[in-house]
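Enquirer: Sending over a structure as structure tokens; questions will come in a sec.
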Amino acid sequence: MSIENLKSYDPFADAEANDDPGQSQSKKEDYIHIRIQQRNGRKTLTTVQGLPSKFDRKKILTVIKKKFACNGTVVMDVSMGEVIQLQGDQRKAMQDFMVDKKEGLELDPKTIKVHGF
């Protein structure tokens with residue numbers, strides 16, 4: 001009898017794997033990945049990686065924290081660069097914020113990939 005829930009899962013593993021064999025490295029890095037990680041119990045963590053360098057992550061984080069009423073931080077990862085971490089499941093709200101032309105970042109919806117359950 002094996003217990004499946006106790007196996008560890010790396011949410012960034014699919015970012016390292018190449019989706020298309022013919023896809024170049026620069027094309028792969030153009031995507032913005034929004035992921036959810038399970039913490040303990042019902043607690044979750046939303047991570048956002050791959051934002052263009054023209055955006056200041058600290059300023060984006062302060063706007064997001066006020067708008068979504070959640071806490072968050074910017075974490076420096078060796079392989080992924082600067083990653084925004086938010087408390088709770090903020091995937092849909094974050095995607096809407098990035099695409100929104102009035103109050104958001106005005107990004108192309110085709111460049112955003114939402115991962116999760």
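Chain identifiers are assigned as A, B, and so on, following the order in which chains appear in the structure tokens; residues are numbered from 1 within each chain, and ligands are numbered from 1 in order of appearance.
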Can you tell me which residues surround Ile60 in chain A at a distance of at most 9 Å, considering only C-alpha atoms, apart from same-chain residues fewer than 5 positions away, and format the answer as an MDAnalysis selection string?
Expert: chainID A and resid 55 65 105
Enquirer: Looking only at strand (DSSP E or B) from DSSP on the backbone, list the matching residues of range 6-114 of chain A as an mmCIF file with C-alpha atoms, in the first residue's frame.
Expert:
data_model
loop_
_atom_site.group_PDB
_atom_site.id
_atom_site.type_symbol
_atom_site.label_atom_id
_atom_site.label_comp_id
_atom_site.auth_asym_id
_atom_site.auth_seq_id
_atom_site.Cartn_x
_atom_site.Cartn_y
_atom_site.Cartn_z
ATOM 1 C CA ILE A 32 4.785 34.447 -17.747
ATOM 2 C CA HIS A 33 4.028 31.485 -15.477
ATOM 3 C CA ILE A 34 1.435 31.692 -12.697
ATOM 4 C CA ARG A 35 1.566 28.657 -10.404
ATOM 5 C CA ILE A 36 0.011 27.489 -7.180
ATOM 6 C CA GLN A 37 1.863 25.567 -4.477
ATOM 7 C CA GLN A 38 0.260 23.674 -1.620
ATOM 8 C CA THR A 44 -1.685 27.800 -0.737
ATOM 9 C CA LEU A 45 0.957 30.014 -2.285
ATOM 10 C CA THR A 46 0.705 31.636 -5.730
ATOM 11 C CA THR A 47 3.960 32.274 -7.603
ATOM 12 C CA VAL A 48 4.436 34.537 -10.636
ATOM 13 C CA GLN A 49 7.607 34.269 -12.690
ATOM 14 C CA GLY A 72 3.300 38.745 -0.683
ATOM 15 C CA THR A 73 7.020 38.990 -1.275
ATOM 16 C CA VAL A 74 9.596 39.022 -4.048
ATOM 17 C CA VAL A 75 12.005 36.081 -3.838
ATOM 18 C CA MET A 76 15.258 35.814 -5.781
ATOM 19 C CA ASP A 77 15.631 32.325 -7.265
ATOM 20 C CA GLY A 81 15.164 35.022 -11.358
ATOM 21 C CA GLU A 82 12.841 37.219 -9.331
ATOM 22 C CA VAL A 83 9.619 35.424 -8.419
ATOM 23 C CA ILE A 84 6.579 37.097 -6.850
ATOM 24 C CA GLN A 85 4.958 34.988 -4.116
ATOM 25 C CA LEU A 86 1.410 35.715 -2.937
ATOM 26 C CA GLN A 87 -0.598 34.132 -0.140
ATOM 27 C CA ILE A 112 0.488 34.030 -19.762
ATOM 28 C CA LYS A 113 0.404 30.385 -18.691
ATOM 29 C CA VAL A 114 -1.616 29.423 -15.622
#
Enquirer: Excluding same-chain residues fewer than 3 positions from Met98 in chain A, what lies within 9 Å of it counting only C-alpha atoms, as a ChimeraX atom specification?
Expert: /A:93-95,101,103-109,112
Enquirer: Which residue is closest to Ser79 in chain A? Choose from A:Thr111, A:Asp96, A:Arg39, A:Gly50 and count only C-alpha atoms.
Expert: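 Of all the options, A:Gly50 lies closest to Ser79 in chain A.
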Enquirer: Of the candidates A:Asp100, A:Gly88, A:Asp56, A:Phe117, which one gets nearest to Asn40 in chain A if we count only C-alpha atoms?
Expert: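 Nearest to Asn40 in chain A: A:Gly88.
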Enquirer: Could you work out how far CA of Leu61 in chain A lies from CA of Lys92 in chain A, giving the answer in Å with one decimal?
Expert: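 If I compute the distance from CA of Lys92 in chain A to CA of Leu61 in chain A, I get 16.0 Å.
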Enquirer: Using only C-alpha atoms, find the one residue out of A:Lys43, A:Arg91, A:Leu51, A:Asp10 that sits nearest to Phe68 in chain A.
Expert: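 Using only C-alpha atoms, the shortest distance to Phe68 in chain A belongs to A:Arg91.
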Enquirer: Grab the CA of Ser53 in chain A to CA of Lys67 in chain A distance for me, in Å with one decimal place.
Expert: 22.1 Å
Enquirer: Quick one: pull the distance between CA of Asn71 in chain A and CA of Gln90 in chain A, Å, one decimal.
Expert: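 One can read the CA of Asn71 in chain A to CA of Gln90 in chain A distance as 10.9 Å.
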Enquirer: Name the residues of range 10-112 of chain A that come out as helix (DSSP H, G or I) in a backbone DSSP run; write them as a PyMOL selection string.
Expert: chain A and resi 13-16+25-28+57-68+91-99+109-111
